[in-house]
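This is work24.pdb (PDB, C-alpha atoms).
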```pdb
MODEL        1
ATOM      1  CA  MET U   1      22.683 -15.181  24.114
ATOM      2  CA  MET U   2      19.427 -14.780  22.177
ATOM      3  CA  LYS U   3      19.385 -16.634  18.876
ATOM      4  CA  ARG U   4      18.555 -14.437  15.912
ATOM      5  CA  ARG U   5      15.380 -15.449  14.068
ATOM      6  CA  SER U   6      16.092 -16.765  10.586
ATOM      7  CA  LEU U   7      14.729 -14.652   7.734
ATOM      8  CA  PRO U   8      13.124 -14.801   5.331
ATOM      9  CA  ARG U   9      10.470 -17.396   6.056
ATOM     10  CA  ASN U  10       9.608 -20.143   3.610
ATOM     11  CA  PRO U  11       7.453 -18.642   0.821
ATOM     12  CA  ASP U  12       5.459 -21.872   0.656
ATOM     13  CA  ASP U  13       4.083 -20.993   4.103
ATOM     14  CA  LEU U  14       2.781 -17.734   2.621
ATOM     15  CA  ALA U  15       0.983 -19.647  -0.123
ATOM     16  CA  THR U  16      -0.800 -21.585   2.606
ATOM     17  CA  VAL U  17      -1.839 -18.357   4.358
ATOM     18  CA  LEU U  18      -3.181 -17.014   1.071
ATOM     19  CA  ASP U  19      -5.078 -20.263   0.444
ATOM     20  CA  TYR U  20      -3.629 -20.382  -3.048
ATOM     21  CA  SER U  21      -1.291 -23.023  -4.487
ATOM     22  CA  PHE U  22       1.050 -21.719  -7.174
ATOM     23  CA  LYS U  23       1.493 -23.882 -10.253
ATOM     24  CA  ASN U  24       4.619 -21.843 -11.036
ATOM     25  CA  ARG U  25       6.396 -21.380  -7.713
ATOM     26  CA  GLY U  26       8.964 -19.202  -9.473
ATOM     27  CA  LEU U  27       6.346 -16.438  -9.668
ATOM     28  CA  LEU U  28       5.823 -16.615  -5.908
ATOM     29  CA  TYR U  29       9.550 -16.271  -5.283
ATOM     30  CA  GLN U  30       9.872 -13.442  -7.807
ATOM     31  CA  ALA U  31       7.120 -11.466  -6.083
ATOM     32  CA  LEU U  32       9.192 -11.477  -2.891
ATOM     33  CA  ARG U  33      12.477 -10.332  -4.467
ATOM     34  CA  HIS U  34      13.116  -6.671  -3.798
ATOM     35  CA  PRO U  35      15.282  -4.869  -6.414
ATOM     36  CA  SER U  36      17.971  -4.260  -3.771
ATOM     37  CA  TYR U  37      18.422  -8.015  -3.346
ATOM     38  CA  VAL U  38      18.594  -8.719  -7.074
ATOM     39  CA  TYR U  39      21.115  -5.916  -7.575
ATOM     40  CA  GLU U  40      23.462  -7.466  -5.026
ATOM     41  CA  GLN U  41      23.318 -10.850  -6.750
ATOM     42  CA  GLY U  42      24.941  -9.404  -9.869
ATOM     43  CA  ASP U  43      22.950 -11.751 -12.110
ATOM     44  CA  PRO U  44      20.812 -10.004 -14.769
ATOM     45  CA  GLY U  45      18.879 -13.232 -15.243
ATOM     46  CA  ILE U  46      17.247 -12.993 -11.800
ATOM     47  CA  PRO U  47      14.009 -10.946 -12.050
ATOM     48  CA  ASP U  48      12.920  -8.631  -9.241
ATOM     49  CA  ASN U  49       9.296  -7.930  -8.304
ATOM     50  CA  GLN U  50       8.853  -4.566 -10.047
ATOM     51  CA  ARG U  51       7.114  -5.832 -13.189
ATOM     52  CA  LEU U  52       4.788  -7.979 -11.095
ATOM     53  CA  GLU U  53       4.081  -4.959  -8.880
ATOM     54  CA  PHE U  54       3.158  -2.914 -11.972
ATOM     55  CA  LEU U  55       0.671  -5.590 -13.048
ATOM     56  CA  GLY U  56      -0.577  -6.250  -9.532
ATOM     57  CA  ASP U  57      -1.454  -2.584  -9.035
ATOM     58  CA  ALA U  58      -3.965  -2.867 -11.897
ATOM     59  CA  VAL U  59      -5.237  -6.247 -10.701
ATOM     60  CA  VAL U  60      -5.879  -4.977  -7.163
ATOM     61  CA  ASN U  61      -7.676  -1.879  -8.437
ATOM     62  CA  LEU U  62      -9.922  -3.956 -10.703
ATOM     63  CA  ALA U  63     -10.661  -6.530  -7.993
ATOM     64  CA  ILE U  64     -11.445  -3.869  -5.376
ATOM     65  CA  SER U  65     -13.699  -2.090  -7.885
ATOM     66  CA  ASN U  66     -15.539  -5.367  -8.448
ATOM     67  CA  LEU U  67     -15.806  -5.961  -4.683
ATOM     68  CA  LEU U  68     -17.214  -2.493  -4.042
ATOM     69  CA  MET U  69     -19.706  -2.726  -6.921
ATOM     70  CA  ASP U  70     -21.056  -5.969  -5.451
ATOM     71  CA  SER U  71     -21.027  -4.752  -1.842
ATOM     72  CA  PHE U  72     -22.607  -1.330  -2.448
ATOM     73  CA  PRO U  73     -24.966  -1.547  -5.453
ATOM     74  CA  GLU U  74     -26.505   1.871  -4.696
ATOM     75  CA  MET U  75     -23.240   3.767  -4.215
ATOM     76  CA  LYS U  76     -22.488   6.559  -6.691
ATOM     77  CA  GLU U  77     -19.381   6.585  -8.871
ATOM     78  CA  GLY U  78     -17.676   9.404  -6.997
ATOM     79  CA  ASP U  79     -18.125   7.667  -3.648
ATOM     80  CA  LEU U  80     -16.951   4.352  -5.090
ATOM     81  CA  SER U  81     -13.775   6.069  -6.283
ATOM     82  CA  LYS U  82     -13.105   7.572  -2.851
ATOM     83  CA  TYR U  83     -13.711   4.277  -1.095
ATOM     84  CA  ARG U  84     -11.453   2.398  -3.511
ATOM     85  CA  ALA U  85      -8.724   5.023  -3.088
ATOM     86  CA  SER U  86      -8.735   4.529   0.678
ATOM     87  CA  LEU U  87      -8.519   0.736   0.362
ATOM     88  CA  VAL U  88      -5.704   0.697  -2.213
ATOM     89  CA  SER U  89      -3.736   3.518  -0.584
ATOM     90  CA  GLU U  90      -0.363   2.794   0.973
ATOM     91  CA  ASN U  91      -2.034   2.679   4.383
ATOM     92  CA  GLY U  92      -4.725   0.253   3.240
ATOM     93  CA  LEU U  93      -2.349  -2.083   1.396
ATOM     94  CA  SER U  94       0.269  -2.054   4.143
ATOM     95  CA  CYS U  95      -2.429  -3.048   6.645
ATOM     96  CA  ILE U  96      -3.041  -6.216   4.634
ATOM     97  CA  ALA U  97       0.696  -6.810   4.173
ATOM     98  CA  ARG U  98       1.301  -6.564   7.924
ATOM     99  CA  GLU U  99      -1.514  -9.007   8.681
ATOM    100  CA  LEU U 100       0.141 -11.465   6.284
ATOM    101  CA  LYS U 101       3.526 -10.780   7.962
ATOM    102  CA  LEU U 102       4.727 -10.245   4.412
ATOM    103  CA  GLY U 103       7.910  -8.542   5.565
ATOM    104  CA  ASP U 104       9.154 -11.840   6.998
ATOM    105  CA  TYR U 105       9.168 -13.419   3.544
ATOM    106  CA  LEU U 106      10.963 -10.715   1.571
ATOM    107  CA  LEU U 107      14.404 -11.023   0.019
ATOM    108  CA  LEU U 108      16.132  -7.691   0.644
ATOM    109  CA  GLY U 109      19.559  -6.255   0.018
ATOM    110  CA  LYS U 110      21.915  -5.601   2.923
ATOM    111  CA  GLY U 111      21.199  -1.856   2.862
ATOM    112  CA  GLU U 112      17.450  -2.361   3.211
ATOM    113  CA  GLU U 113      18.036  -4.936   5.943
ATOM    114  CA  ARG U 114      20.083  -2.411   7.917
ATOM    115  CA  THR U 115      17.433   0.286   7.558
ATOM    116  CA  ASN U 116      14.537  -1.946   8.656
ATOM    117  CA  GLY U 117      13.227  -2.410   5.122
ATOM    118  CA  ARG U 118      10.865  -5.174   6.205
ATOM    119  CA  GLU U 119       8.776  -2.540   7.981
ATOM    120  CA  LYS U 120       8.794   0.120   5.240
ATOM    121  CA  LEU U 121       5.294   0.795   3.936
ATOM    122  CA  SER U 122       6.432   1.307   0.341
ATOM    123  CA  ILE U 123       8.284  -2.022   0.252
ATOM    124  CA  LEU U 124       5.385  -3.887   1.852
ATOM    125  CA  THR U 125       2.744  -2.419  -0.477
ATOM    126  CA  ASP U 126       4.864  -3.060  -3.576
ATOM    127  CA  ALA U 127       5.398  -6.672  -2.504
ATOM    128  CA  LEU U 128       1.685  -7.187  -1.862
ATOM    129  CA  GLU U 129       0.821  -5.847  -5.314
ATOM    130  CA  ALA U 130       3.551  -8.017  -6.845
ATOM    131  CA  LEU U 131       2.064 -11.029  -5.100
ATOM    132  CA  MET U 132      -1.375 -10.297  -6.523
ATOM    133  CA  GLY U 133       0.179  -9.860  -9.972
ATOM    134  CA  ALA U 134       1.865 -13.234  -9.590
ATOM    135  CA  ILE U 135      -1.428 -14.907  -8.661
ATOM    136  CA  TYR U 136      -3.103 -13.289 -11.691
ATOM    137  CA  ILE U 137      -0.458 -14.643 -14.080
ATOM    138  CA  ASP U 138      -0.436 -18.059 -12.414
ATOM    139  CA  GLY U 139      -4.145 -18.614 -11.914
ATOM    140  CA  GLY U 140      -6.088 -15.935 -13.767
ATOM    141  CA  PHE U 141      -8.332 -13.127 -12.548
ATOM    142  CA  THR U 142     -10.883 -15.424 -10.903
ATOM    143  CA  ASN U 143      -8.303 -16.698  -8.432
ATOM    144  CA  ALA U 144      -6.817 -13.229  -7.919
ATOM    145  CA  LEU U 145     -10.292 -11.853  -7.179
ATOM    146  CA  ARG U 146     -10.969 -14.659  -4.715
ATOM    147  CA  VAL U 147      -7.741 -14.021  -2.799
ATOM    148  CA  ILE U 148      -8.163 -10.235  -2.802
ATOM    149  CA  THR U 149     -11.777 -10.515  -1.653
ATOM    150  CA  ARG U 150     -10.673 -12.796   1.171
ATOM    151  CA  LEU U 151      -7.934 -10.387   2.222
ATOM    152  CA  PHE U 152      -9.813  -7.100   1.893
ATOM    153  CA  GLY U 153     -13.271  -8.257   2.958
ATOM    154  CA  PRO U 154     -12.544  -7.986   6.710
ATOM    155  CA  LEU U 155     -10.921  -4.575   6.198
ATOM    156  CA  LEU U 156     -14.006  -3.421   4.320
ATOM    157  CA  ASN U 157     -16.244  -4.441   7.222
ATOM    158  CA  ARG U 158     -13.887  -3.225   9.930
ATOM    159  CA  THR U 159     -13.288   0.275   8.605
ATOM    160  CA  GLY U 160     -16.931   0.939   7.804
ATOM    161  CA  PHE U 161     -18.511   3.126   5.145
ATOM    162  CA  GLY U 162     -17.983   6.588   6.603
ATOM    163  CA  THR U 163     -14.468   6.242   7.978
ATOM    164  CA  SER U 164     -12.916   4.764   4.848
ATOM    165  CA  MET U 165     -14.464   7.415   2.645
ATOM    166  CA  GLU U 166     -13.423  10.327   4.840
ATOM    167  CA  ASP U 167     -12.253  13.263   2.740
ATOM    168  CA  PHE U 168      -9.686  14.661   5.145
ATOM    169  CA  LYS U 169      -8.840  17.640   2.913
ATOM    170  CA  THR U 170     -12.437  18.792   2.889
ATOM    171  CA  VAL U 171     -12.802  18.312   6.645
ATOM    172  CA  LEU U 172      -9.590  20.248   7.298
ATOM    173  CA  GLN U 173     -10.631  22.997   4.884
ATOM    174  CA  GLU U 174     -14.020  23.441   6.545
ATOM    175  CA  TYR U 175     -12.648  23.305  10.073
ATOM    176  CA  SER U 176      -9.733  25.686   9.494
ATOM    177  CA  GLN U 177     -11.925  28.239   7.732
ATOM    178  CA  ASP U 178     -14.790  28.087  10.219
ATOM    179  CA  ALA U 179     -12.833  27.815  13.469
ATOM    180  CA  LEU U 180      -9.538  29.493  12.616
ATOM    181  CA  GLN U 181     -10.365  31.703   9.615
ATOM    182  CA  LEU U 182      -7.397  30.136   7.846
ATOM    183  CA  THR U 183      -6.916  28.277   4.561
ATOM    184  CA  PRO U 184      -4.630  25.210   4.495
ATOM    185  CA  GLU U 185      -1.588  25.473   2.232
ATOM    186  CA  TYR U 186      -0.195  22.246   0.749
ATOM    187  CA  ARG U 187       3.450  22.120  -0.300
ATOM    188  CA  LEU U 188       5.093  19.321  -2.264
ATOM    189  CA  GLU U 189       8.347  18.754  -0.377
ATOM    190  CA  ARG U 190       9.864  16.077  -2.593
ATOM    191  CA  GLU U 191       9.171  13.069  -4.756
ATOM    192  CA  THR U 192      11.150   9.871  -5.038
ATOM    193  CA  GLY U 193      11.258   6.808  -7.285
ATOM    194  CA  PRO U 194      11.032   6.225 -11.045
ATOM    195  CA  ASP U 195       8.355   7.892 -13.154
ATOM    196  CA  HIS U 196       6.111   4.811 -13.129
ATOM    197  CA  ASN U 197       6.303   4.338  -9.377
ATOM    198  CA  LYS U 198       6.790   7.680  -7.647
ATOM    199  CA  THR U 199       6.191   8.491  -3.999
ATOM    200  CA  PHE U 200       5.136  12.043  -3.166
ATOM    201  CA  TYR U 201       5.793  13.823   0.145
ATOM    202  CA  VAL U 202       3.489  16.716   1.052
ATOM    203  CA  ALA U 203       3.321  19.058   4.039
ATOM    204  CA  VAL U 204       0.308  21.174   5.018
ATOM    205  CA  TYR U 205       0.671  24.559   6.694
ATOM    206  CA  LEU U 206      -1.753  26.809   8.540
ATOM    207  CA  LYS U 207      -0.648  30.435   8.634
ATOM    208  CA  GLY U 208       2.910  29.365   7.882
ATOM    209  CA  ASN U 209       3.009  26.745  10.635
ATOM    210  CA  LEU U 210       3.669  23.119   9.751
ATOM    211  CA  THR U 211       0.587  21.183  10.820
ATOM    212  CA  GLY U 212       0.868  17.801   9.120
ATOM    213  CA  LYS U 213       2.845  15.660   6.706
ATOM    214  CA  GLY U 214       1.823  12.843   4.405
ATOM    215  CA  ARG U 215       3.061  10.675   1.591
ATOM    216  CA  GLY U 216       1.385   8.699  -1.148
ATOM    217  CA  LYS U 217       1.601   7.262  -4.625
ATOM    218  CA  SER U 218      -0.056  10.400  -5.965
ATOM    219  CA  LYS U 219      -0.052  14.035  -4.895
ATOM    220  CA  LYS U 220      -3.730  13.755  -3.974
ATOM    221  CA  GLU U 221      -3.120  10.765  -1.721
ATOM    222  CA  ALA U 222      -0.166  12.521  -0.059
ATOM    223  CA  GLU U 223      -2.304  15.621   0.539
ATOM    224  CA  GLN U 224      -5.091  13.506   2.063
ATOM    225  CA  ASN U 225      -2.617  11.864   4.451
ATOM    226  CA  ALA U 226      -1.128  15.237   5.362
ATOM    227  CA  ALA U 227      -4.611  16.597   6.080
ATOM    228  CA  LYS U 228      -5.394  13.528   8.202
ATOM    229  CA  GLU U 229      -2.293  14.135  10.333
ATOM    230  CA  ALA U 230      -3.099  17.839  10.592
ATOM    231  CA  LEU U 231      -6.595  17.085  11.887
ATOM    232  CA  ALA U 232      -5.176  14.720  14.504
ATOM    233  CA  CYS U 233      -2.732  17.449  15.551
ATOM    234  CA  LEU U 234      -5.499  20.036  15.828
ATOM    235  CA  GLU U 235      -7.663  17.649  17.851
ATOM    236  CA  ARG U 236      -4.835  17.175  20.341
TER     237      ARG U 236
ENDMDL
END
```
Encoded form (C-alpha cells):
Amino acid sequence: MMKRRSLPRNPDDLATVLDYSFKNRGLLYQALRHPSYVYEQGDPGIPDNQRLEFLGDAVVNLAISNLLMDSFPEMKEGDLSKYRASLVSENGLSCIARELKLGDYLLLGKGEERTNGREKLSILTDALEALMGAIYIDGGFTNALRVITRLFGPLLNRTGFGTSMEDFKTVLQEYSQDALQLTPEYRLERETGPDHNKTFYVAVYLKGNLTGKGRGKSKKEAEQNAAKEALACLER
C-alpha cells in the first residue's frame, strides 16, 4: 500500500528556498494559514493570512513597478501598466507559487483539502502575496524587493516583452471584426469573495456563441483572460 505523503511541509524549508531568514517565524507561519484552517481551529487568537495578503498585494505591485522601471527605462507609462498587470495577475502569481511548491506548505481546512485547495489559483496567489507581506513586515521593503526580484526576474526574461504585454481584448476585437464581421460581447457571470478581495468570472460571446471564459481579481483582468481563451479557441 502506497504511503500518503505528509502535508504540509516544514515552512522553514520554504524560507530556505526564498533565501530569506525570518526574524519572526510567526509571520511565516501566519502567511501559510488559510482562513478555512483557522476557522476549524475555533480559536479567535489564531490569525489567518488575509491581512498579510492585503499588505502583500501592495508590496508586490510596488516591487514589480520598481523592477520594470529599472529593466525598461524607455518604456511608456501605459505599457508599464500593462506589463505589470500581466505579471501580478492570477496567472503570473500562481506561476511563481507553483515553482515554489507553495501549495505543499499551506494549512488548509478539511473542505479545501477535499476539493484540492492546494492547486487552486486563488489560494496560491493569496498565499504568495501574504508571504511577501510577511517578509515586508519582518525585514522591510529592501528585503521584500530582493526576494520579489529574484522570483520574478526569470519570469520577466522568459515571457518576453511582447507576450507579457499582449492585449488579448484588442487582438480579439480586431480579429473578430476583420475576419468574422462580429463584435465580442463580454458578460459578467458572477463574482465571489468579500468586497476587498473579489474574484470576477466573465464569459465572451461571438454572435451569441460562448467562445471563452476567464476570471480575475478585476473585471478587466477577467475579460482579458476570457479573450485569451477565445483566441485559442478560434485558432483551433
What residues come out when you apply the PyMOL selection byres ((chain U and resi 143) around 12) to this file, written as an MDAnalysis selection string? chainID U and resid 18:22 59 63 132:142 144:150
Requested write-out: C-alpha atoms of the selected residues, as a compact mmCIF listing (two decimals), in the frame of the given file:
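Result went into result.txt, see below:
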```
# COMPACT_ATOMS: atom_id res chain seq x y z
CA LEU U 18 -3.18 -17.01 1.07
CA ASP U 19 -5.08 -20.26 0.44
CA TYR U 20 -3.63 -20.38 -3.05
CA SER U 21 -1.29 -23.02 -4.49
CA PHE U 22 1.05 -21.72 -7.17
CA VAL U 59 -5.24 -6.25 -10.70
CA ALA U 63 -10.66 -6.53 -7.99
CA MET U 132 -1.38 -10.30 -6.52
CA GLY U 133 0.18 -9.86 -9.97
CA ALA U 134 1.86 -13.23 -9.59
CA ILE U 135 -1.43 -14.91 -8.66
CA TYR U 136 -3.10 -13.29 -11.69
CA ILE U 137 -0.46 -14.64 -14.08
CA ASP U 138 -0.44 -18.06 -12.41
CA GLY U 139 -4.14 -18.61 -11.91
CA GLY U 140 -6.09 -15.94 -13.77
CA PHE U 141 -8.33 -13.13 -12.55
CA THR U 142 -10.88 -15.42 -10.90
CA ALA U 144 -6.82 -13.23 -7.92
CA LEU U 145 -10.29 -11.85 -7.18
CA ARG U 146 -10.97 -14.66 -4.72
CA VAL U 147 -7.74 -14.02 -2.80
CA ILE U 148 -8.16 -10.24 -2.80
CA THR U 149 -11.78 -10.52 -1.65
CA ARG U 150 -10.67 -12.80 1.17
```
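Remark: for Arg9 of chain U, the closest of the candidate residues U:Lys101, U:Lys213, U:Arg33, U:Lys207 is U:Lys101 (distances computed over all atoms listed in the file).
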Report, in Å to a single decimal, how far apart atom CA of Val88 of chain U and atom CA of Leu128 of chain U are.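 Taking atom CA of Leu128 of chain U and atom CA of Val88 of chain U, their separation equals 10.8 Å.
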Selection: 10 Å around Leu121 of chain U, all atoms listed in the file, excl. self and same-chain fewer than 6 positions, as a PDB file with C-alpha atoms, in the coordinates of the input:
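In the end it all went to around.pdb:
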```pdb
ATOM      1  CA  GLU U  90      -0.363   2.794   0.973  1.00  0.00           C
ATOM      2  CA  ASN U  91      -2.034   2.679   4.383  1.00  0.00           C
ATOM      3  CA  LEU U  93      -2.349  -2.083   1.396  1.00  0.00           C
ATOM      4  CA  SER U  94       0.269  -2.054   4.143  1.00  0.00           C
ATOM      5  CA  CYS U  95      -2.429  -3.048   6.645  1.00  0.00           C
ATOM      6  CA  ALA U  97       0.696  -6.810   4.173  1.00  0.00           C
ATOM      7  CA  ARG U  98       1.301  -6.564   7.924  1.00  0.00           C
ATOM      8  CA  GLY U 103       7.910  -8.542   5.565  1.00  0.00           C
ATOM      9  CA  ALA U 127       5.398  -6.672  -2.504  1.00  0.00           C
TER      10      ALA U 127
END
```
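Ranking U:Arg25, U:His34, U:His196, U:Lys217 by their shortest atom-to-atom distance to Glu113 of chain U, with only C-alpha atoms included, puts U:His34 first.
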Give as an MDAnalysis selection string every residue, naming chains and numbers as the document does, that has an atom within 8 Å of (-1.9, 16.0, 4.7), counting only C-alpha atoms. chainID U and resid 168:169 186 202:204 212:215 222:230
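Nearest residue to Arg118 of chain U among U:Leu62, U:Leu180, U:Cys233, U:Leu32 is U:Leu32, counting all atoms listed in the file.
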Which one of U:Ile46, U:Ala130, U:Leu231, U:Leu124 sits closest to Ser176 of chain U if you count only C-alpha atoms?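 Nearest to Ser176 of chain U: U:Leu231.
Atom CA of Pro35 of chain U lies 25.4 Å from atom CA of Leu151 of chain U.
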Go through the shown structure with the PyMOL selection byres ((chain U and resi 38-44) around 12) and write out the matching residues as a PDB file with C-alpha atoms, keeping the file's coordinate frame.
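In the end it all went to result38.pdb:
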```
ATOM      1  CA  TYR U  29       9.550 -16.271  -5.283  1.00  0.00           C
ATOM      2  CA  GLN U  30       9.872 -13.442  -7.807  1.00  0.00           C
ATOM      3  CA  ALA U  31       7.120 -11.466  -6.083  1.00  0.00           C
ATOM      4  CA  LEU U  32       9.192 -11.477  -2.891  1.00  0.00           C
ATOM      5  CA  ARG U  33      12.477 -10.332  -4.467  1.00  0.00           C
ATOM      6  CA  HIS U  34      13.116  -6.671  -3.798  1.00  0.00           C
ATOM      7  CA  PRO U  35      15.282  -4.869  -6.414  1.00  0.00           C
ATOM      8  CA  SER U  36      17.971  -4.260  -3.771  1.00  0.00           C
ATOM      9  CA  TYR U  37      18.422  -8.015  -3.346  1.00  0.00           C
ATOM     10  CA  GLY U  45      18.879 -13.232 -15.243  1.00  0.00           C
ATOM     11  CA  ILE U  46      17.247 -12.993 -11.800  1.00  0.00           C
ATOM     12  CA  PRO U  47      14.009 -10.946 -12.050  1.00  0.00           C
ATOM     13  CA  ASP U  48      12.920  -8.631  -9.241  1.00  0.00           C
ATOM     14  CA  ASN U  49       9.296  -7.930  -8.304  1.00  0.00           C
ATOM     15  CA  GLN U  50       8.853  -4.566 -10.047  1.00  0.00           C
ATOM     16  CA  LEU U 106      10.963 -10.715   1.571  1.00  0.00           C
ATOM     17  CA  LEU U 107      14.404 -11.023   0.019  1.00  0.00           C
ATOM     18  CA  LEU U 108      16.132  -7.691   0.644  1.00  0.00           C
ATOM     19  CA  GLY U 109      19.559  -6.255   0.018  1.00  0.00           C
ATOM     20  CA  LYS U 110      21.915  -5.601   2.923  1.00  0.00           C
ATOM     21  CA  GLY U 111      21.199  -1.856   2.862  1.00  0.00           C
ATOM     22  CA  GLU U 112      17.450  -2.361   3.211  1.00  0.00           C
TER      23      GLU U 112
END
```
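The list of residues within 10 Å of (12.4, 16.2, 0.3), counted using only C-alpha atoms, is Leu188, Glu189, Arg190, Glu191, Thr192, Phe200, Tyr201 and Val202 of chain U.
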Would you work out the distance separating atom CA of Leu210 of chain U from atom CA of Glu185 of chain U, expressed in Å to one decimal?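 The value is 9.5 Å.
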Selected residue, from U:Leu234, U:Leu131, U:Ile64, U:Leu28, that lies nearest to Ser89 of chain U when counting only C-alpha atoms: U:Ile64
Using all atoms listed in the file, can you tell me which of U:Leu100, U:Tyr105, U:Gln173, U:Ser65 comes closest to Arg84 of chain U?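 Nearest candidate to Arg84 of chain U out of U:Leu100, U:Tyr105, U:Gln173, U:Ser65: U:Ser65.
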Could you name the residues that touch Asp57 of chain U at 6 Å or less, counting only C-alpha atoms, but leaving out those on the same chain fewer than 3 positions away, as a list of chain:residue names?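 Listed by chain and then number, they are U:Phe54, U:Val60, U:Glu129.
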